[in-house]
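Listing of target_29.txt, compact mmCIF, C-alpha atoms
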# COMPACT_ATOMS: atom_id res chain seq x y z
CA MET X 1 27.87 -23.01 30.42
CA ALA X 2 28.25 -19.71 28.71
CA GLY X 3 28.20 -19.77 24.96
CA PRO X 4 30.60 -18.07 22.57
CA LYS X 5 30.68 -14.30 22.73
CA ALA X 6 32.45 -12.03 20.31
CA ASN X 7 33.45 -8.47 20.87
CA VAL X 8 34.29 -6.93 17.53
CA ASP X 9 35.53 -3.37 17.49
CA ALA X 10 36.44 -1.50 14.38
CA ALA X 11 38.68 0.89 16.28
CA ASP X 12 42.25 0.15 17.28
CA ASP X 13 41.34 0.49 20.93
CA PRO X 14 38.89 -2.28 21.74
CA ASP X 15 37.64 -0.38 24.78
CA ASP X 16 36.68 2.66 22.77
CA GLY X 17 33.00 1.85 22.27
CA ASP X 18 32.32 5.23 20.63
CA ASP X 19 34.16 4.24 17.45
CA GLY X 20 33.35 0.56 17.19
CA VAL X 21 30.38 -1.68 16.83
CA ARG X 22 30.08 -4.44 19.37
CA ILE X 23 28.50 -7.71 18.32
CA ASP X 24 27.27 -10.19 20.92
CA MET X 25 26.77 -13.67 19.51
CA ILE X 26 24.69 -15.63 21.99
CA SER X 27 24.58 -19.39 21.73
CA GLY X 28 21.48 -21.49 22.08
CA ALA X 29 23.06 -23.10 25.14
CA ARG X 30 23.36 -19.72 26.83
CA MET X 31 19.69 -18.91 26.19
CA GLU X 32 18.38 -22.36 27.02
CA GLY X 33 18.16 -21.98 30.77
CA LEU X 34 16.76 -18.47 30.77
CA THR X 35 13.16 -17.44 31.33
CA THR X 36 11.38 -15.41 28.66
CA MET X 37 11.91 -12.15 30.54
CA GLU X 38 15.58 -12.97 31.18
CA LYS X 39 16.07 -13.52 27.44
CA ILE X 40 14.32 -10.26 26.60
CA ARG X 41 16.36 -8.37 29.19
CA LEU X 42 19.58 -9.86 27.85
CA ILE X 43 18.66 -8.75 24.32
CA LEU X 44 17.31 -5.30 25.14
CA ASP X 45 20.10 -4.42 27.57
CA GLY X 46 22.62 -5.18 24.84
CA VAL X 47 20.70 -3.34 22.12
CA ARG X 48 20.11 -0.30 24.32
CA ASP X 49 23.87 -0.16 24.85
CA GLY X 50 24.18 0.12 21.07
CA ASN X 51 25.27 -3.47 20.48
CA ILE X 52 24.22 -5.87 17.76
CA VAL X 53 22.88 -9.08 19.27
CA ILE X 54 22.95 -12.29 17.25
CA LEU X 55 21.01 -15.25 18.59
CA GLU X 56 22.10 -18.65 17.39
CA GLU X 57 18.65 -20.15 17.86
CA GLY X 58 16.23 -17.24 17.91
CA LEU X 59 13.10 -16.85 19.97
CA SER X 60 9.76 -18.62 20.04
CA PRO X 61 6.73 -16.77 18.62
CA ASP X 62 5.48 -16.05 22.14
CA GLU X 63 8.88 -14.65 23.11
CA GLU X 64 8.94 -12.52 19.96
CA SER X 65 5.53 -11.16 20.87
CA ARG X 66 6.72 -10.23 24.35
CA LEU X 67 9.94 -8.75 22.94
CA ILE X 68 7.87 -6.38 20.79
CA GLU X 69 5.67 -5.50 23.76
CA VAL X 70 8.56 -4.78 26.12
CA THR X 71 10.44 -2.88 23.41
CA MET X 72 7.45 -0.60 22.97
CA THR X 73 7.34 0.18 26.68
CA GLU X 74 11.02 1.21 26.62
CA ILE X 75 10.97 3.53 23.62
CA SER X 76 11.61 7.13 24.61
CA PRO X 77 12.21 10.26 22.49
CA ASP X 78 15.84 11.09 21.66
CA ASP X 79 17.03 8.02 23.56
CA PHE X 80 15.74 4.68 22.28
CA THR X 81 13.63 4.34 19.13
CA GLY X 82 13.21 0.58 19.19
CA ILE X 83 14.80 -2.41 17.53
CA GLU X 84 15.49 -3.75 14.10
CA ILE X 85 15.19 -7.51 13.98
CA GLU X 86 15.81 -9.97 11.19
CA THR X 87 15.61 -13.74 11.04
CA TYR X 88 15.81 -16.20 8.25
CA PRO X 89 12.35 -17.26 7.17
CA LYS X 90 11.12 -19.93 9.53
CA ALA X 91 12.26 -23.36 8.43
CA GLU X 92 9.63 -25.96 7.78
CA ALA X 93 8.99 -28.34 10.61
CA GLY X 94 11.10 -30.96 8.88
CA ASP X 95 13.92 -30.51 11.38
CA GLN X 96 11.68 -31.41 14.29
CA SER X 97 11.78 -34.89 15.71
CA PHE X 98 8.68 -37.03 15.80
CA LEU X 99 8.58 -36.62 19.57
CA ASP X 100 8.79 -32.84 19.27
CA LYS X 101 5.86 -32.81 16.87
CA LEU X 102 3.90 -35.19 19.08
CA MET X 103 4.51 -33.03 22.15
CA GLY X 104 3.77 -29.83 20.26
CA ARG X 105 7.29 -28.52 20.84
CA GLU X 106 8.22 -25.95 18.27
CA SER X 107 11.62 -25.63 16.75
CA THR X 108 12.84 -22.06 17.15
CA GLN X 109 16.20 -22.61 15.52
CA LYS X 110 16.55 -19.58 13.29
CA LEU X 111 19.50 -17.25 13.39
CA THR X 112 18.27 -13.87 14.57
CA VAL X 113 19.97 -10.48 14.31
CA ILE X 114 18.72 -7.68 16.59
CA GLY X 115 20.06 -4.16 16.80
CA PRO X 116 19.11 -0.59 17.69
CA ALA X 117 16.64 0.74 15.09
CA ASN X 118 18.66 3.91 14.62
CA ARG X 119 21.90 2.05 13.88
CA ILE X 120 21.01 -1.01 11.86
CA GLU X 121 19.47 -1.15 8.42
CA THR X 122 18.65 -4.26 6.47
CA LEU X 123 20.08 -4.08 2.97
CA HIS X 124 19.05 -7.48 1.71
CA LYS X 125 17.39 -10.54 3.07
CA ASP X 126 16.49 -13.86 1.57
CA GLU X 127 16.23 -17.40 2.84
CA ASN X 128 20.00 -17.82 2.90
CA LEU X 129 21.41 -14.38 3.56
CA ILE X 130 20.84 -11.40 5.82
CA SER X 131 22.87 -8.36 4.80
CA THR X 132 22.79 -5.40 7.19
CA LEU X 133 24.41 -2.01 7.35
CA VAL X 134 25.46 -1.02 10.87
CA SER X 135 26.28 2.61 11.49
CA ARG X 136 28.52 3.84 14.27
CA LYS X 137 27.17 5.90 17.14
CA MET L 1 -17.22 -34.21 48.36
CA GLY L 2 -14.70 -34.62 45.56
CA LEU L 3 -17.32 -36.34 43.44
CA LEU L 4 -19.74 -33.44 43.92
CA THR L 5 -17.03 -30.93 43.07
CA ASN L 6 -16.15 -32.84 39.92
CA LEU L 7 -19.82 -33.07 38.95
CA ARG L 8 -20.31 -29.34 39.52
CA ASP L 9 -17.20 -28.56 37.45
CA SER L 10 -18.41 -30.80 34.63
CA ILE L 11 -21.84 -29.11 34.56
CA SER L 12 -20.15 -25.71 34.66
CA ARG L 13 -17.92 -26.62 31.71
CA VAL L 14 -20.91 -27.81 29.66
CA THR L 15 -22.98 -24.69 30.39
CA ASP L 16 -19.99 -22.42 29.78
CA GLY L 17 -19.50 -24.13 26.45
CA LEU L 18 -23.13 -23.64 25.48
CA PHE L 19 -23.04 -19.95 26.30
CA ALA L 20 -19.62 -19.50 24.72
CA ALA L 21 -20.98 -20.81 21.43
CA ASP L 22 -23.46 -17.92 21.35
CA GLU L 23 -20.98 -15.21 22.33
CA PRO L 24 -19.55 -13.03 19.56
CA LYS L 25 -16.05 -13.96 18.44
CA ARG L 26 -13.48 -11.22 18.96
CA ILE L 27 -11.75 -10.76 15.64
CA GLY L 28 -8.59 -8.68 15.72
CA ILE L 29 -7.66 -6.66 12.64
CA TYR L 30 -3.87 -6.73 12.58
CA GLY L 31 -1.16 -5.66 10.18
CA PRO L 32 1.64 -3.15 9.69
CA PRO L 33 1.00 0.61 9.91
CA ASN L 34 -0.89 2.17 6.97
CA ALA L 35 -2.18 -1.12 5.59
CA GLY L 36 -5.77 0.14 5.77
CA LYS L 37 -6.93 -1.64 8.93
CA THR L 38 -9.17 1.18 10.16
CA THR L 39 -10.57 1.73 6.67
CA LEU L 40 -11.52 -1.95 6.61
CA ALA L 41 -12.92 -1.87 10.17
CA ASN L 42 -15.01 1.17 9.24
CA ARG L 43 -16.18 -0.47 6.02
CA ILE L 44 -17.34 -3.59 7.89
CA ALA L 45 -18.93 -1.58 10.71
CA ARG L 46 -20.72 0.80 8.33
CA ASP L 47 -21.98 -2.02 6.11
CA TRP L 48 -23.51 -3.96 9.01
CA THR L 49 -24.18 -1.46 11.81
CA GLY L 50 -24.19 1.96 10.16
CA ASP L 51 -21.47 3.29 12.52
CA ALA L 52 -17.75 3.81 12.05
CA VAL L 53 -14.98 2.48 14.32
CA GLY L 54 -12.45 5.31 14.18
CA PRO L 55 -10.79 8.03 12.10
CA GLU L 56 -8.68 7.09 9.08
CA SER L 57 -5.49 8.84 8.03
CA HIS L 58 -2.50 8.51 5.75
CA ILE L 59 -0.25 9.44 8.70
CA PRO L 60 1.17 6.29 10.32
CA HIS L 61 -0.16 5.35 13.77
CA GLU L 62 -3.45 7.21 13.45
CA THR L 63 -4.90 4.32 15.46
CA ARG L 64 -3.11 4.30 18.78
CA ARG L 65 -5.59 2.38 20.89
CA ALA L 66 -7.32 -0.88 20.11
CA ARG L 67 -10.92 0.01 19.28
CA ARG L 68 -13.76 -2.47 19.51
CA LYS L 69 -17.05 -2.50 17.66
CA GLU L 70 -19.29 -5.01 19.32
CA ASN L 71 -22.00 -7.28 17.99
CA VAL L 72 -21.44 -6.82 14.27
CA GLU L 73 -23.90 -9.23 12.68
CA ILE L 74 -22.86 -10.42 9.25
CA GLU L 75 -25.44 -12.35 7.24
CA ARG L 76 -24.18 -14.88 4.76
CA ASN L 77 -25.94 -17.75 3.02
CA GLY L 78 -28.97 -17.65 5.29
CA ARG L 79 -27.06 -17.60 8.57
CA THR L 80 -25.84 -14.81 10.80
CA VAL L 81 -22.33 -14.57 12.22
CA THR L 82 -21.86 -12.19 15.14
CA ILE L 83 -18.38 -10.79 15.73
CA ASP L 84 -16.72 -8.06 17.76
CA ILE L 85 -14.27 -6.19 15.53
CA VAL L 86 -11.07 -5.09 17.25
CA ASP L 87 -9.18 -2.51 15.20
CA THR L 88 -5.58 -2.48 16.42
CA PRO L 89 -2.63 -0.10 15.97
CA GLY L 90 -0.16 -1.08 13.25
CA VAL L 91 2.47 -3.38 14.67
CA THR L 92 6.09 -2.33 14.44
CA THR L 93 9.34 -2.82 16.36
CA LYS L 94 10.33 0.86 16.24
CA VAL L 95 8.70 4.26 16.63
CA ASP L 96 10.62 7.48 16.11
CA TYR L 97 8.75 10.72 16.75
CA LYS L 98 10.91 12.45 14.12
CA GLU L 99 9.00 10.59 11.40
CA PHE L 100 5.86 12.50 12.41
CA LEU L 101 7.61 15.83 11.96
CA ASP L 102 7.46 15.17 8.20
CA HIS L 103 3.67 15.41 8.45
CA ASP L 104 3.61 19.07 9.55
CA MET L 105 3.46 18.19 13.22
CA GLU L 106 5.02 20.15 16.08
CA LYS L 107 7.59 18.31 18.19
CA ASP L 108 5.36 18.10 21.26
CA ASP L 109 2.54 16.60 19.21
CA ALA L 110 4.93 14.21 17.49
CA VAL L 111 6.38 13.03 20.81
CA ARG L 112 2.91 12.55 22.27
CA ARG L 113 1.80 10.65 19.17
CA SER L 114 4.84 8.38 19.29
CA ARG L 115 4.30 7.68 22.99
CA GLU L 116 0.66 6.79 22.38
CA ALA L 117 1.69 4.65 19.41
CA THR L 118 4.12 2.60 21.49
CA GLU L 119 1.48 2.04 24.16
CA GLY L 120 -0.99 1.03 21.46
CA VAL L 121 1.37 -1.49 19.85
CA ALA L 122 2.14 -3.04 23.26
CA GLU L 123 -1.59 -3.27 23.90
CA ALA L 124 -2.17 -4.86 20.48
CA MET L 125 0.44 -7.54 21.21
CA HIS L 126 -1.22 -8.26 24.53
CA TRP L 127 -4.62 -8.57 22.83
CA LEU L 128 -3.13 -11.00 20.34
CA ARG L 129 -1.84 -13.31 23.07
CA GLU L 130 -4.84 -13.08 25.37
CA ASP L 131 -8.01 -11.63 23.94
CA VAL L 132 -8.79 -12.43 20.31
CA ASP L 133 -10.48 -15.50 18.83
CA GLY L 134 -9.40 -14.91 15.24
CA VAL L 135 -7.34 -12.55 13.12
CA ILE L 136 -7.89 -10.61 9.93
CA TYR L 137 -4.37 -9.73 8.77
CA VAL L 138 -4.40 -6.73 6.44
CA LEU L 139 -1.55 -5.99 4.06
CA ASP L 140 -1.03 -3.16 1.60
CA SER L 141 -0.76 -5.00 -1.73
CA THR L 142 1.38 -2.21 -3.20
CA THR L 143 4.22 -2.87 -0.73
CA ASP L 144 6.65 -5.71 -0.14
CA PRO L 145 5.05 -8.26 2.23
CA PHE L 146 8.37 -9.99 3.01
CA THR L 147 9.06 -7.95 6.12
CA GLN L 148 10.20 -9.16 9.50
CA VAL L 149 7.14 -7.76 11.28
CA ASN L 150 4.79 -9.63 8.93
CA THR L 151 6.79 -12.84 9.31
CA MET L 152 6.81 -12.55 13.09
CA LEU L 153 3.15 -11.62 13.38
CA ILE L 154 1.99 -14.47 11.15
CA GLY L 155 4.22 -16.81 13.17
CA ILE L 156 2.72 -15.57 16.43
CA ILE L 157 -0.83 -15.96 15.07
CA GLU L 158 -0.07 -19.50 13.86
CA SER L 159 1.52 -20.44 17.18
CA GLN L 160 -1.73 -19.46 18.94
CA ASP L 161 -3.73 -21.66 16.53
CA LEU L 162 -5.95 -18.70 15.72
CA PRO L 163 -7.96 -18.79 12.48
CA ALA L 164 -6.41 -16.16 10.20
CA LEU L 165 -7.65 -14.53 7.04
CA ILE L 166 -5.10 -12.58 4.99
CA LEU L 167 -6.45 -9.61 3.05
CA ALA L 168 -4.49 -7.96 0.25
CA ASN L 169 -5.80 -4.40 0.48
CA LYS L 170 -5.54 -1.36 -1.80
CA THR L 171 -6.17 -3.25 -5.04
CA ASP L 172 -7.50 0.03 -6.44
CA LEU L 173 -3.98 1.47 -6.51
CA PRO L 174 -1.50 1.08 -9.38
CA GLY L 175 1.27 -1.29 -8.39
CA SER L 176 -1.02 -3.58 -6.42
CA ASP L 177 0.40 -7.10 -6.47
CA VAL L 178 -1.88 -9.61 -4.77
CA GLN L 179 0.12 -12.59 -5.98
CA GLN L 180 3.19 -11.37 -4.12
CA ILE L 181 1.24 -11.59 -0.86
CA ALA L 182 -0.11 -15.01 -1.76
CA ASN L 183 3.46 -16.14 -2.44
CA ALA L 184 4.70 -14.72 0.88
CA PHE L 185 2.17 -16.66 2.95
CA PRO L 186 1.22 -19.70 0.86
CA GLN L 187 -0.08 -21.53 3.91
CA HIS L 188 -2.98 -19.06 4.11
CA GLU L 189 -5.71 -18.01 1.73
CA THR L 190 -5.27 -14.46 0.43
CA ILE L 191 -8.34 -12.40 -0.46
CA PRO L 192 -7.90 -9.22 -2.56
CA LEU L 193 -9.95 -6.12 -1.78
CA SER L 194 -10.10 -2.38 -1.72
CA ALA L 195 -11.54 -1.40 1.66
CA LEU L 196 -11.59 2.22 0.52
CA GLU L 197 -13.62 1.55 -2.63
CA GLY L 198 -15.55 -1.41 -1.25
CA ASP L 199 -14.29 -3.70 -4.01
CA ASN L 200 -14.68 -7.46 -3.43
CA MET L 201 -16.28 -7.01 0.01
CA ASP L 202 -18.84 -9.74 -0.79
CA GLU L 203 -16.06 -12.31 -0.89
CA VAL L 204 -14.50 -10.82 2.26
CA TYR L 205 -17.79 -11.25 4.16
CA THR L 206 -18.24 -14.77 2.86
CA LYS L 207 -14.75 -15.65 4.09
CA ILE L 208 -15.32 -13.94 7.46
CA ALA L 209 -18.43 -16.07 7.94
CA GLU L 210 -16.55 -19.17 6.83
CA TYR L 211 -13.48 -18.59 9.01
CA PHE L 212 -15.02 -17.12 12.14
CA GLY L 213 -18.63 -18.32 12.15

This structure in structure tokens:
Amino acid sequence: MAGPKANVDAADDPDDGDDGVRIDMISGARMEGLTTMEKIRLILDGVRDGNIVILEEGLSPDEESRLIEVTMTEISPDDFTGIEIETYPKAEAGDQSFLDKLMGRESTQKLTVIGPANRIETLHKDENLISTLVSRK
Amino acid sequence: MGLLTNLRDSISRVTDGLFAADEPKRIGIYGPPNAGKTTLANRIARDWTGDAVGPESHIPHETRRARRKENVEIERNGRTVTIDIVDTPGVTTKVDYKEFLDHDMEKDDAVRRSREATEGVAEAMHWLREDVDGVIYVLDSTTDPFTQVNTMLIGIIESQDLPALILANKTDLPGSDVQQIANAFPQHETIPLSALEGDNMDEVYTKIAEYFG
């Protein structure tokens, strides 16, 4: 089942992407059935279109590593300069069940904000708040 | 037949393990750009082999390929630890060639440098997942360690169960704040040093032997 998705445009005309900033909020349920590369494609396709992508549950460390690697391969002069990514500091393992710990399953539940490096700037970040400035195209 | 195959596999595992114990550990030097990774790699290589690993520079992304110095033998407390040092490009999530133009670089050179930098970072991430046995994570102690790249990299290293030593570099500079790094990653031991001046390298070598020996 597809998760919630918001399309927020600052302009009066919601179809006028040149004036607005689109934000895709992707639920954990939407990401759950995807492979690592499908998740990375979903994120990077959105970011390369100039969108801000917010993941309800974030990525695993291995997925983050591959996201950096794939991002690097896609950077090109005057087109795509990479991503800005912010997450809350990783929560302690206290929210993991005993079975998760026993099976070595990691909790990746950490809200993650990803955007084009040339459009998003982190103003402030602490364990409870991520404040970002998003510029228009 | 199956019994013989199992027996052969068991013997192979035991012999592989014996040889593996003697093989040098590949220790990746990771960290953000301009933390002093190559300066540290050169310091270690010069101290124990007499050779350098690569050129150092204040311009970000001077190291754009992972460079390996093999069979560095570090003697500590009567025993010798042999490691391969892998100096890696500074990890980042963005590279813009325009930043290099500020360092008196022509556009063509800046574009080429940025392209090589992106390839180098991708390679470094691959090394981290596949090819290193331990990590020395170098941070510039004059800058804020609470960055997303540091958080992600430490998380990736921890998820791989790799032994990791955090070094707070550039203690020779005013504004150095080692405690801030220790506070950022309290789950790891933080060792202060100046790779440029060679300050506190004795403790660094002792810890390298302890962590990776």

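The residue that comes closest to Pro24 of chain L, out of L:Glu116, L:Glu56, L:Asp133, L:Asp96 and on the basis of all atoms listed in the file, is L:Asp133.
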
### Message
Can you work out which residues from chain L touch chain X at a cut-off of 7 Å (counting only C-alpha atoms) and hand them back as JSON, numbers by chain?
### Response
{"L": [93, 94, 95, 96, 97, 111, 118, 119, 121, 122, 125, 148, 152, 155, 156, 159]}

### Task
Might you pull out every residue within 9 Å of His61 of chain L, with all atoms listed in the file counted and same-chain residues fewer than 4 positions away left off, and present them as a count of residues only?
10

### Task
Determine, counting all atoms listed in the file, every residue of protein, DNA or RNA that lies within 12 Å of (-25.8, -2.4, 9.5) in the file coordinates, then give the result as a ChimeraX atom specification.
/L:42-52,69,71-75,82

#### Entry: One-decimal distance in Å that lies between atom CA of Asp161 of chain L and atom CA of Ile40 of chain X
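One can read the atom CA of Ile40 of chain X to atom CA of Asp161 of chain L distance as 23.6 Å.
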
### Task
Determine, counting only C-alpha atoms, every residue of protein, DNA or RNA that lies within 10 Å of (25.7, -8.6, 21.0) in the file coordinates, then give the result as a VMD selection string.
chain X and resid 5 to 8 21 to 26 42 to 47 49 to 55 113 to 115

### Atomic distance atom CA of Pro174 of chain L - atom CA of Asp199 of chain L, expressed in Å with one decimal
14.7 Å

### Residue nearest Glu32 of chain X - candidates X:Glu127, X:Arg48, X:Glu121, X:Glu56, atoms counted: only C-alpha atoms
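Using only C-alpha atoms, Glu32 of chain X sits closest to X:Glu56.
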
### Task
Considering all atoms listed in the file, return as a PyMOL selection string whatever protein or nucleic-acid residues lie within 9 Å of Asp172 of chain L, sequence-local ones (same chain, fewer than 6 positions apart) excluded.
chain L and resi 193-194+196-197+199

### Query
Quick one, how far is atom CA of Asp202 of chain L from atom CA of Glu70 of chain L?
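Rounded to one decimal, the two atoms are 20.7 Å apart.
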
### Task
Between L:Val91, L:Ala41, L:Ile166, L:Val81, single out the one closest to Glu189 of chain L, counting only C-alpha atoms.
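Closest to Glu189 of chain L of all the choices is L:Ile166.
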